[in-house]
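File shown here: data-v4.pdb, holding PDB, C-alpha atoms.
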```pdb
ATOM      1  CA  ALA Q   1      30.894 -38.704  42.771
ATOM      2  CA  GLN Q   2      30.687 -35.165  41.571
ATOM      3  CA  SER Q   3      27.194 -33.847  40.856
ATOM      4  CA  VAL Q   4      25.579 -30.578  39.812
ATOM      5  CA  THR Q   5      22.158 -29.356  40.939
ATOM      6  CA  GLN Q   6      20.245 -26.594  39.244
ATOM      7  CA  LEU Q   7      17.635 -25.588  41.739
ATOM      8  CA  ASP Q   8      14.981 -24.307  39.335
ATOM      9  CA  SER Q   9      13.703 -26.182  36.300
ATOM     10  CA  GLN Q  10      11.883 -23.133  34.938
ATOM     11  CA  VAL Q  11      12.292 -19.438  35.619
ATOM     12  CA  PRO Q  12       9.692 -17.073  34.140
ATOM     13  CA  VAL Q  13      10.614 -13.393  34.168
ATOM     14  CA  PHE Q  14       9.446 -10.213  32.488
ATOM     15  CA  GLU Q  15      11.616  -8.403  29.983
ATOM     16  CA  GLU Q  16      14.088  -5.917  31.508
ATOM     17  CA  ALA Q  17      13.797  -7.536  34.946
ATOM     18  CA  PRO Q  18      16.840  -9.039  36.697
ATOM     19  CA  VAL Q  19      17.278 -12.801  36.866
ATOM     20  CA  GLU Q  20      19.299 -15.343  38.851
ATOM     21  CA  LEU Q  21      19.679 -18.992  37.870
ATOM     22  CA  ARG Q  22      20.978 -21.099  40.723
ATOM     23  CA  CYS Q  23      23.599 -23.842  40.587
ATOM     24  CA  ASN Q  24      25.215 -25.922  43.323
ATOM     25  CA  TYR Q  25      27.870 -28.591  42.962
ATOM     26  CA  SER Q  26      28.817 -31.353  45.335
ATOM     27  CA  SER Q  27      32.595 -31.509  45.547
ATOM     28  CA  SER Q  28      34.746 -29.411  47.828
ATOM     29  CA  VAL Q  29      37.914 -30.110  45.862
ATOM     30  CA  SER Q  30      39.137 -27.882  43.092
ATOM     31  CA  VAL Q  31      36.831 -27.750  40.131
ATOM     32  CA  TYR Q  32      36.316 -25.742  37.011
ATOM     33  CA  LEU Q  33      32.800 -24.335  36.570
ATOM     34  CA  PHE Q  34      30.840 -23.347  33.484
ATOM     35  CA  TRP Q  35      27.519 -21.985  32.313
ATOM     36  CA  TYR Q  36      26.227 -22.878  28.877
ATOM     37  CA  VAL Q  37      23.180 -21.744  26.895
ATOM     38  CA  GLN Q  38      21.189 -23.859  24.471
ATOM     39  CA  TYR Q  39      18.700 -22.574  21.918
ATOM     40  CA  PRO Q  40      16.109 -25.017  20.486
ATOM     41  CA  ASN Q  41      17.550 -27.888  18.450
ATOM     42  CA  GLN Q  42      21.079 -26.566  18.731
ATOM     43  CA  GLY Q  43      24.256 -27.434  20.549
ATOM     44  CA  LEU Q  44      25.501 -25.677  23.663
ATOM     45  CA  GLN Q  45      27.336 -22.372  23.662
ATOM     46  CA  LEU Q  46      29.625 -21.261  26.461
ATOM     47  CA  LEU Q  47      28.410 -18.218  28.416
ATOM     48  CA  LEU Q  48      31.206 -18.007  30.965
ATOM     49  CA  LYS Q  49      33.668 -20.063  32.959
ATOM     50  CA  TYR Q  50      35.495 -20.049  36.269
ATOM     51  CA  LEU Q  51      38.937 -21.641  36.343
ATOM     52  CA  SER Q  52      40.696 -19.633  39.060
ATOM     53  CA  GLY Q  53      41.220 -16.070  40.276
ATOM     54  CA  SER Q  54      38.414 -13.564  40.769
ATOM     55  CA  THR Q  55      35.221 -15.154  42.025
ATOM     56  CA  LEU Q  56      33.055 -12.826  39.911
ATOM     57  CA  VAL Q  57      33.134 -13.936  36.316
ATOM     58  CA  LYS Q  58      31.721 -11.949  33.420
ATOM     59  CA  GLY Q  59      30.532 -13.638  30.253
ATOM     60  CA  ILE Q  60      28.841 -12.928  26.976
ATOM     61  CA  ASN Q  61      25.456 -11.269  26.492
ATOM     62  CA  GLY Q  62      25.694  -9.382  29.799
ATOM     63  CA  PHE Q  63      25.692 -12.484  32.032
ATOM     64  CA  GLU Q  64      27.876 -12.885  35.088
ATOM     65  CA  ALA Q  65      28.321 -15.540  37.767
ATOM     66  CA  GLU Q  66      29.819 -15.660  41.225
ATOM     67  CA  PHE Q  67      31.833 -18.599  42.518
ATOM     68  CA  ASN Q  68      31.222 -19.244  46.202
ATOM     69  CA  LYS Q  69      33.502 -21.991  47.465
ATOM     70  CA  SER Q  70      32.065 -22.168  50.983
ATOM     71  CA  GLN Q  71      28.548 -22.659  49.643
ATOM     72  CA  THR Q  72      29.696 -24.687  46.621
ATOM     73  CA  SER Q  73      27.568 -22.490  44.392
ATOM     74  CA  PHE Q  74      27.963 -20.809  41.025
ATOM     75  CA  HIS Q  75      24.816 -18.766  40.411
ATOM     76  CA  LEU Q  76      24.243 -17.026  37.080
ATOM     77  CA  ARG Q  77      22.850 -13.472  36.983
ATOM     78  CA  LYS Q  78      21.805 -10.832  34.523
ATOM     79  CA  PRO Q  79      20.609  -7.371  35.620
ATOM     80  CA  SER Q  80      18.143  -6.886  32.740
ATOM     81  CA  VAL Q  81      16.945  -9.684  30.468
ATOM     82  CA  HIS Q  82      15.753  -9.537  26.883
ATOM     83  CA  ILE Q  83      13.284 -11.667  24.961
ATOM     84  CA  SER Q  84      16.245 -13.139  23.095
ATOM     85  CA  ASP Q  85      17.594 -14.599  26.364
ATOM     86  CA  THR Q  86      14.790 -17.159  26.320
ATOM     87  CA  ALA Q  87      16.639 -20.485  26.212
ATOM     88  CA  GLU Q  88      17.795 -23.388  28.347
ATOM     89  CA  TYR Q  89      20.782 -22.809  30.600
ATOM     90  CA  PHE Q  90      23.119 -25.491  31.899
ATOM     91  CA  CYS Q  91      25.601 -25.355  34.732
ATOM     92  CA  ALA Q  92      28.563 -27.726  34.438
ATOM     93  CA  VAL Q  93      31.605 -28.772  36.432
ATOM     94  CA  SER Q  94      34.834 -30.294  35.224
ATOM     95  CA  ASP Q  95      35.896 -32.980  37.655
ATOM     96  CA  ILE Q  96      39.687 -32.876  37.688
ATOM     97  CA  ASN Q  97      39.852 -36.283  39.365
ATOM     98  CA  THR Q  98      38.188 -38.134  36.495
ATOM     99  CA  GLY Q  99      38.251 -35.801  33.503
ATOM    100  CA  LYS Q 100      34.458 -35.871  33.290
ATOM    101  CA  LEU Q 101      32.425 -32.826  32.377
ATOM    102  CA  ILE Q 102      29.196 -33.105  34.369
ATOM    103  CA  PHE Q 103      26.051 -31.124  33.719
ATOM    104  CA  GLY Q 104      23.076 -30.060  35.767
ATOM    105  CA  GLN Q 105      19.500 -30.759  34.708
ATOM    106  CA  GLY Q 106      19.098 -27.383  33.043
ATOM    107  CA  THR Q 107      16.952 -24.321  33.734
ATOM    108  CA  THR Q 108      14.530 -22.977  31.152
ATOM    109  CA  LEU Q 109      14.502 -19.195  31.198
ATOM    110  CA  GLN Q 110      11.244 -17.796  29.815
ATOM    111  CA  VAL Q 111      11.346 -14.053  29.204
ATOM    112  CA  LYS Q 112       7.905 -12.509  28.789
ATOM    113  CA  PRO Q 113       7.168  -9.168  27.119
TER     114      PRO Q 113
ATOM    115  CA  ASP W   1      36.912 -22.496  10.501
ATOM    116  CA  GLY W   2      37.694 -24.680  13.493
ATOM    117  CA  GLY W   3      34.840 -26.531  15.067
ATOM    118  CA  ILE W   4      33.075 -29.752  15.866
ATOM    119  CA  THR W   5      30.792 -31.377  13.322
ATOM    120  CA  GLN W   6      28.097 -33.913  13.939
ATOM    121  CA  SER W   7      26.308 -35.779  11.198
ATOM    122  CA  PRO W   8      23.630 -36.410  10.281
ATOM    123  CA  LYS W   9      21.404 -33.792  11.927
ATOM    124  CA  TYR W  10      18.381 -36.101  11.818
ATOM    125  CA  LEU W  11      18.480 -39.885  11.790
ATOM    126  CA  PHE W  12      15.738 -42.466  11.684
ATOM    127  CA  ARG W  13      16.308 -46.074  12.651
ATOM    128  CA  LYS W  14      14.176 -49.164  12.705
ATOM    129  CA  GLU W  15      13.995 -51.140  15.891
ATOM    130  CA  GLY W  16      16.693 -53.806  16.085
ATOM    131  CA  GLN W  17      19.181 -51.934  13.917
ATOM    132  CA  ASN W  18      22.511 -50.502  14.933
ATOM    133  CA  VAL W  19      23.299 -46.964  13.856
ATOM    134  CA  THR W  20      26.473 -44.867  14.024
ATOM    135  CA  LEU W  21      26.565 -41.148  14.748
ATOM    136  CA  SER W  22      29.546 -39.227  13.456
ATOM    137  CA  CYS W  23      31.543 -36.629  15.384
ATOM    138  CA  GLU W  24      34.600 -34.873  13.954
ATOM    139  CA  GLN W  25      36.629 -31.999  15.392
ATOM    140  CA  ASN W  26      39.465 -29.950  13.902
ATOM    141  CA  LEU W  27      40.304 -28.085  17.112
ATOM    142  CA  ASN W  28      43.192 -30.397  18.013
ATOM    143  CA  HIS W  29      41.455 -31.215  21.299
ATOM    144  CA  ASP W  30      42.508 -34.249  23.264
ATOM    145  CA  ALA W  31      39.212 -34.956  25.008
ATOM    146  CA  MET W  32      35.906 -35.822  23.398
ATOM    147  CA  TYR W  33      32.521 -36.629  24.920
ATOM    148  CA  TRP W  34      29.122 -38.010  23.983
ATOM    149  CA  TYR W  35      25.993 -36.871  25.790
ATOM    150  CA  ARG W  36      22.384 -37.839  25.530
ATOM    151  CA  GLN W  37      19.708 -35.204  26.094
ATOM    152  CA  ASP W  38      16.099 -36.005  26.979
ATOM    153  CA  PRO W  39      13.460 -33.432  27.967
ATOM    154  CA  GLY W  40      13.719 -32.546  31.643
ATOM    155  CA  GLN W  41      16.817 -34.702  32.223
ATOM    156  CA  GLY W  42      19.612 -32.430  31.154
ATOM    157  CA  LEU W  43      22.722 -33.912  29.577
ATOM    158  CA  ARG W  44      23.787 -37.391  30.588
ATOM    159  CA  LEU W  45      27.285 -38.630  29.819
ATOM    160  CA  ILE W  46      27.476 -41.755  27.649
ATOM    161  CA  TYR W  47      31.202 -42.121  26.938
ATOM    162  CA  TYR W  48      34.263 -39.935  27.045
ATOM    163  CA  SER W  49      37.798 -40.158  25.793
ATOM    164  CA  GLN W  50      40.880 -38.323  27.058
ATOM    165  CA  ILE W  51      43.325 -39.578  24.428
ATOM    166  CA  VAL W  52      43.443 -41.626  21.246
ATOM    167  CA  ASN W  53      42.776 -45.356  21.658
ATOM    168  CA  ASP W  54      41.351 -44.866  25.137
ATOM    169  CA  PHE W  55      37.818 -44.180  26.362
ATOM    170  CA  GLN W  56      35.744 -44.595  29.509
ATOM    171  CA  LYS W  57      32.111 -45.305  30.215
ATOM    172  CA  GLY W  58      29.973 -42.479  31.447
ATOM    173  CA  ASP W  59      26.783 -42.770  33.445
ATOM    174  CA  ILE W  60      24.574 -44.394  30.792
ATOM    175  CA  ALA W  61      26.916 -46.457  28.575
ATOM    176  CA  GLU W  62      24.711 -49.555  28.296
ATOM    177  CA  GLY W  63      23.603 -50.139  24.714
ATOM    178  CA  TYR W  64      26.238 -47.812  23.247
ATOM    179  CA  SER W  65      29.761 -48.278  21.928
ATOM    180  CA  VAL W  66      32.500 -45.886  20.776
ATOM    181  CA  SER W  67      35.938 -45.901  19.218
ATOM    182  CA  ARG W  68      38.771 -43.367  19.217
ATOM    183  CA  GLU W  69      41.182 -44.420  16.496
ATOM    184  CA  LYS W  70      42.000 -40.849  15.488
ATOM    185  CA  LYS W  71      42.310 -37.711  17.572
ATOM    186  CA  GLU W  72      39.733 -35.842  15.498
ATOM    187  CA  SER W  73      37.052 -38.531  15.382
ATOM    188  CA  PHE W  74      34.833 -40.098  18.065
ATOM    189  CA  PRO W  75      31.922 -42.023  16.504
ATOM    190  CA  LEU W  76      29.076 -43.349  18.644
ATOM    191  CA  THR W  77      27.206 -46.542  17.793
ATOM    192  CA  VAL W  78      23.731 -46.970  19.184
ATOM    193  CA  THR W  79      23.147 -50.704  19.296
ATOM    194  CA  SER W  80      19.947 -52.698  19.305
ATOM    195  CA  ALA W  81      20.579 -53.323  23.018
ATOM    196  CA  GLN W  82      19.729 -49.720  23.828
ATOM    197  CA  LYS W  83      16.152 -49.924  25.087
ATOM    198  CA  ASN W  84      15.058 -46.364  24.425
ATOM    199  CA  PRO W  85      17.387 -44.769  21.877
ATOM    200  CA  THR W  86      15.151 -41.927  20.685
ATOM    201  CA  ALA W  87      16.897 -38.770  21.924
ATOM    202  CA  PHE W  88      19.045 -35.790  21.005
ATOM    203  CA  TYR W  89      22.747 -36.702  20.995
ATOM    204  CA  LEU W  90      25.482 -34.140  21.544
ATOM    205  CA  CYS W  91      29.179 -34.528  20.936
ATOM    206  CA  ALA W  92      31.729 -32.232  22.565
ATOM    207  CA  SER W  93      35.463 -31.758  22.733
ATOM    208  CA  SER W  94      37.696 -29.889  25.142
ATOM    209  CA  MET W  95      41.260 -28.694  25.475
ATOM    210  CA  GLY W  96      43.512 -29.388  28.421
ATOM    211  CA  GLN W  97      46.079 -31.735  29.823
ATOM    212  CA  GLY W  98      45.269 -34.945  31.587
ATOM    213  CA  PHE W  99      42.085 -34.395  33.555
ATOM    214  CA  TYR W 100      42.396 -30.615  33.645
ATOM    215  CA  HIS W 101      39.993 -29.565  30.934
ATOM    216  CA  THR W 102      38.736 -26.109  30.249
ATOM    217  CA  GLU W 103      35.719 -25.212  28.164
ATOM    218  CA  ALA W 104      34.018 -27.760  25.968
ATOM    219  CA  PHE W 105      32.889 -27.041  22.438
ATOM    220  CA  PHE W 106      29.720 -28.683  21.217
ATOM    221  CA  GLY W 107      28.432 -29.890  17.902
ATOM    222  CA  GLN W 108      24.943 -29.051  16.688
ATOM    223  CA  GLY W 109      23.586 -32.432  17.707
ATOM    224  CA  THR W 110      21.949 -35.422  16.047
ATOM    225  CA  ARG W 111      18.305 -36.178  16.679
ATOM    226  CA  LEU W 112      17.779 -39.922  16.539
ATOM    227  CA  THR W 113      14.292 -41.322  16.175
ATOM    228  CA  VAL W 114      13.458 -45.006  16.284
ATOM    229  CA  VAL W 115      10.518 -45.890  14.060
TER     230      VAL W 115
END
```

Would you encode the structure as structure tokens?
Amino acid sequence: AQSVTQLDSQVPVFEEAPVELRCNYSSSVSVYLFWYVQYPNQGLQLLLKYLSGSTLVKGINGFEAEFNKSQTSFHLRKPSVHISDTAEYFCAVSDINTGKLIFGQGTTLQVKP
Amino acid sequence: DGGITQSPKYLFRKEGQNVTLSCEQNLNHDAMYWYRQDPGQGLRLIYYSQIVNDFQKGDIAEGYSVSREKKESFPLTVTSAQKNPTAFYLCASSMGQGFYHTEAFFGQGTRLTVV
């Protein structure tokens, strides 16, 4: 069965520093990949998605992610974070064999002044 | 405005009672999902539905039931059989055809507390 692993549960970083949140998925077949952000007591908001085409995907709020098929990874990056980026981030994969949308455990990004 | 609406935002239930969480979308999406979120465990799939009058169990369906009588509605019932129902529940919907679904849109969630 398809699964998603976010390698870090918490990532502390200082403001204006770069950050990378790591995500690996299990299947080698075609998948669609997503990163979502969740602020406290709210639903999830889409940051970016990979469906096909260029492996470097740009999203909202200055985030980008790179799809690496050989390593089955989809890491999220931002060159300079802000205090307002403090939130929980979820990687997800759409399994085209079942129609399920499967999420990782989440990574809490803590941006410090 | 198009979107997905969950109600109520907060819900309290006594042990042994069933309770139904509402989820409505006006995005004309075929697929709808229910997730449960607990601290440190991410989102776990309870049930999902690709089309009207059809739904499948997710990873933690025990103690829950759903219906999909209309395209725009996907209510979740938390039954008394659910051993630990206190959690944050998220409903989502997505566009696509068959199993090829693109981004999912989420509601604002319902926080259920058993008292």

Please tabulate, as a tab-separated table, the residues of chain W that come within 9 Å of chain Q, each with its closest pair of atoms and the distance in Å to one decimal, counting all atoms listed in the file and ordering rows by chain, then residue number upward.
```
residue	atom	partner	partner_atom	distance
W:Ala31	CA	Q:Gly99	CA	8.6
W:Tyr33	CA	Q:Leu101	CA	8.4
W:Gly40	CA	Q:Gln105	CA	6.8
W:Gln41	CA	Q:Gln105	CA	5.4
W:Gly42	CA	Q:Gln105	CA	3.9
W:Leu43	CA	Q:Phe103	CA	6.0
W:Arg44	CA	Q:Phe103	CA	7.4
W:Leu45	CA	Q:Ile102	CA	7.4
W:Tyr48	CA	Q:Lys100	CA	7.5
W:Ser49	CA	Q:Gly99	CA	8.9
W:Gln50	CA	Q:Gly99	CA	7.4
W:Gly58	CA	Q:Lys100	CA	8.2
W:Phe88	CA	Q:Asn41	CA	8.4
W:Leu90	CA	Q:Gly43	CA	6.9
W:Cys91	CA	Q:Gly43	CA	8.6
W:Gly98	CA	Q:Gly99	CA	7.3
W:Phe99	CA	Q:Gly99	CA	4.1
W:Tyr100	CA	Q:Ile96	CA	5.4
W:His101	CA	Q:Ser94	CA	6.7
W:Thr102	CA	Q:Tyr32	CA	7.2
W:Glu103	CA	Q:Lys49	CA	7.3
W:Ala104	CA	Q:Leu46	CA	7.9
W:Phe105	CA	Q:Gln45	CA	7.4
W:Phe106	CA	Q:Gly43	CA	5.6
W:Gly107	CA	Q:Gly43	CA	5.5
W:Gln108	CA	Q:Gly43	CA	4.2
W:Gly109	CA	Q:Gly43	CA	5.8
W:Arg111	CA	Q:Asn41	CA	8.5
```

>> Could you list, as a count of residues only, every residue matched by the PyMOL selection byres ((chain W and resi 46) around 9) in this structure?
In response: 17

>> Selection in question (the file shown): the PyMOL selection byres ((chain W and resi 14-21) around 10). Which residues does it include, as a PyMOL selection string?
In response: chain W and resi 6-9+11-13+22-23+63-66+74-85+89-91+109-115

> Which residues fall under the PyMOL selection byres ((chain Q and resi 10-22) around 10) in this file, as a ChimeraX atom specification?
Replying inline: /Q:5-9,23-24,63-65,73-86,88-91,106-113

> What does the distance from CA of Ile51 in chain W to CA of Ser30 in chain Q come to in Å, to one decimal?
Replying inline: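 Result for CA of Ile51 in chain W versus CA of Ser30 in chain Q: 22.4 Å, one decimal.
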
Supply range 5-39 of chain Q as a tab-separated table (two decimals), in the frame of the given file, with N, CA and C atoms built in where the input has gaps.
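Produced file out-v9.tsv, reproduced below:
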```tsv
chain	number	residue	atom	x	y	z
Q	5	THR	N	23.59	-29.53	40.73
Q	5	THR	CA	22.16	-29.36	40.94
Q	5	THR	C	21.75	-27.96	40.54
Q	6	GLN	N	20.83	-27.88	39.59
Q	6	GLN	CA	20.24	-26.59	39.24
Q	6	GLN	C	18.89	-26.56	39.93
Q	7	LEU	N	18.72	-25.58	40.77
Q	7	LEU	CA	17.64	-25.59	41.74
Q	7	LEU	C	16.28	-25.26	41.14
Q	8	ASP	N	16.24	-24.68	39.96
Q	8	ASP	CA	14.98	-24.31	39.34
Q	8	ASP	C	14.91	-24.91	37.94
Q	9	SER	N	13.84	-25.61	37.64
Q	9	SER	CA	13.70	-26.18	36.30
Q	9	SER	C	13.21	-25.14	35.30
Q	10	GLN	N	12.38	-24.20	35.80
Q	10	GLN	CA	11.88	-23.13	34.94
Q	10	GLN	C	11.90	-21.82	35.70
Q	11	VAL	N	12.29	-20.77	35.02
Q	11	VAL	CA	12.29	-19.44	35.62
Q	11	VAL	C	11.60	-18.49	34.65
Q	12	PRO	N	10.36	-18.08	34.96
Q	12	PRO	CA	9.69	-17.07	34.14
Q	12	PRO	C	10.02	-15.68	34.66
Q	13	VAL	N	10.26	-14.75	33.76
Q	13	VAL	CA	10.61	-13.39	34.17
Q	13	VAL	C	10.17	-12.43	33.07
Q	14	PHE	N	9.82	-11.21	33.48
Q	14	PHE	CA	9.45	-10.21	32.49
Q	14	PHE	C	10.69	-9.55	31.90
Q	15	GLU	N	10.53	-9.10	30.67
Q	15	GLU	CA	11.62	-8.40	29.98
Q	15	GLU	C	12.09	-7.21	30.79
Q	16	GLU	N	13.37	-6.99	30.81
Q	16	GLU	CA	14.09	-5.92	31.51
Q	16	GLU	C	14.18	-6.14	33.02
Q	17	ALA	N	13.65	-7.21	33.52
Q	17	ALA	CA	13.80	-7.54	34.95
Q	17	ALA	C	15.12	-8.27	35.16
Q	18	PRO	N	15.63	-8.26	36.40
Q	18	PRO	CA	16.84	-9.04	36.70
Q	18	PRO	C	16.50	-10.52	36.88
Q	19	VAL	N	17.50	-11.37	36.71
Q	19	VAL	CA	17.28	-12.80	36.87
Q	19	VAL	C	18.50	-13.46	37.51
Q	20	GLU	N	18.24	-14.52	38.29
Q	20	GLU	CA	19.30	-15.34	38.85
Q	20	GLU	C	18.93	-16.80	38.64
Q	21	LEU	N	19.84	-17.54	38.04
Q	21	LEU	CA	19.68	-18.99	37.87
Q	21	LEU	C	20.67	-19.66	38.81
Q	22	ARG	N	20.16	-20.55	39.65
Q	22	ARG	CA	20.98	-21.10	40.72
Q	22	ARG	C	21.61	-22.44	40.37
Q	23	CYS	N	22.84	-22.62	40.86
Q	23	CYS	CA	23.60	-23.84	40.59
Q	23	CYS	C	24.44	-24.18	41.80
Q	24	ASN	N	24.35	-25.42	42.25
Q	24	ASN	CA	25.22	-25.92	43.32
Q	24	ASN	C	25.91	-27.19	42.86
Q	25	TYR	N	27.13	-27.39	43.31
Q	25	TYR	CA	27.87	-28.59	42.96
Q	25	TYR	C	28.29	-29.28	44.25
Q	26	SER	N	28.68	-30.55	44.13
Q	26	SER	CA	28.82	-31.35	45.34
Q	26	SER	C	30.22	-31.41	45.91
Q	27	SER	N	31.25	-31.25	45.06
Q	27	SER	CA	32.60	-31.51	45.55
Q	27	SER	C	33.22	-30.29	46.19
Q	28	SER	N	34.03	-30.51	47.19
Q	28	SER	CA	34.75	-29.41	47.83
Q	28	SER	C	36.17	-29.28	47.29
Q	29	VAL	N	36.57	-30.21	46.42
Q	29	VAL	CA	37.91	-30.11	45.86
Q	29	VAL	C	37.89	-29.14	44.69
Q	30	SER	N	39.05	-28.85	44.18
Q	30	SER	CA	39.14	-27.88	43.09
Q	30	SER	C	38.37	-28.35	41.87
Q	31	VAL	N	37.61	-27.45	41.33
Q	31	VAL	CA	36.83	-27.75	40.13
Q	31	VAL	C	36.88	-26.54	39.20
Q	32	TYR	N	36.57	-26.80	37.97
Q	32	TYR	CA	36.32	-25.74	37.01
Q	32	TYR	C	34.81	-25.70	36.78
Q	33	LEU	N	34.25	-24.49	36.67
Q	33	LEU	CA	32.80	-24.34	36.57
Q	33	LEU	C	32.42	-23.57	35.32
Q	34	PHE	N	31.27	-23.92	34.75
Q	34	PHE	CA	30.84	-23.35	33.48
Q	34	PHE	C	29.33	-23.12	33.48
Q	35	TRP	N	28.91	-22.14	32.69
Q	35	TRP	CA	27.52	-21.98	32.31
Q	35	TRP	C	27.44	-21.99	30.79
Q	36	TYR	N	26.47	-22.79	30.31
Q	36	TYR	CA	26.23	-22.88	28.88
Q	36	TYR	C	24.78	-22.49	28.59
Q	37	VAL	N	24.52	-22.04	27.34
Q	37	VAL	CA	23.18	-21.74	26.90
Q	37	VAL	C	22.87	-22.60	25.68
Q	38	GLN	N	21.61	-23.05	25.62
Q	38	GLN	CA	21.19	-23.86	24.47
Q	38	GLN	C	19.89	-23.31	23.91
Q	39	TYR	N	19.91	-22.97	22.61
Q	39	TYR	CA	18.70	-22.57	21.92
Q	39	TYR	C	18.09	-23.81	21.28
```
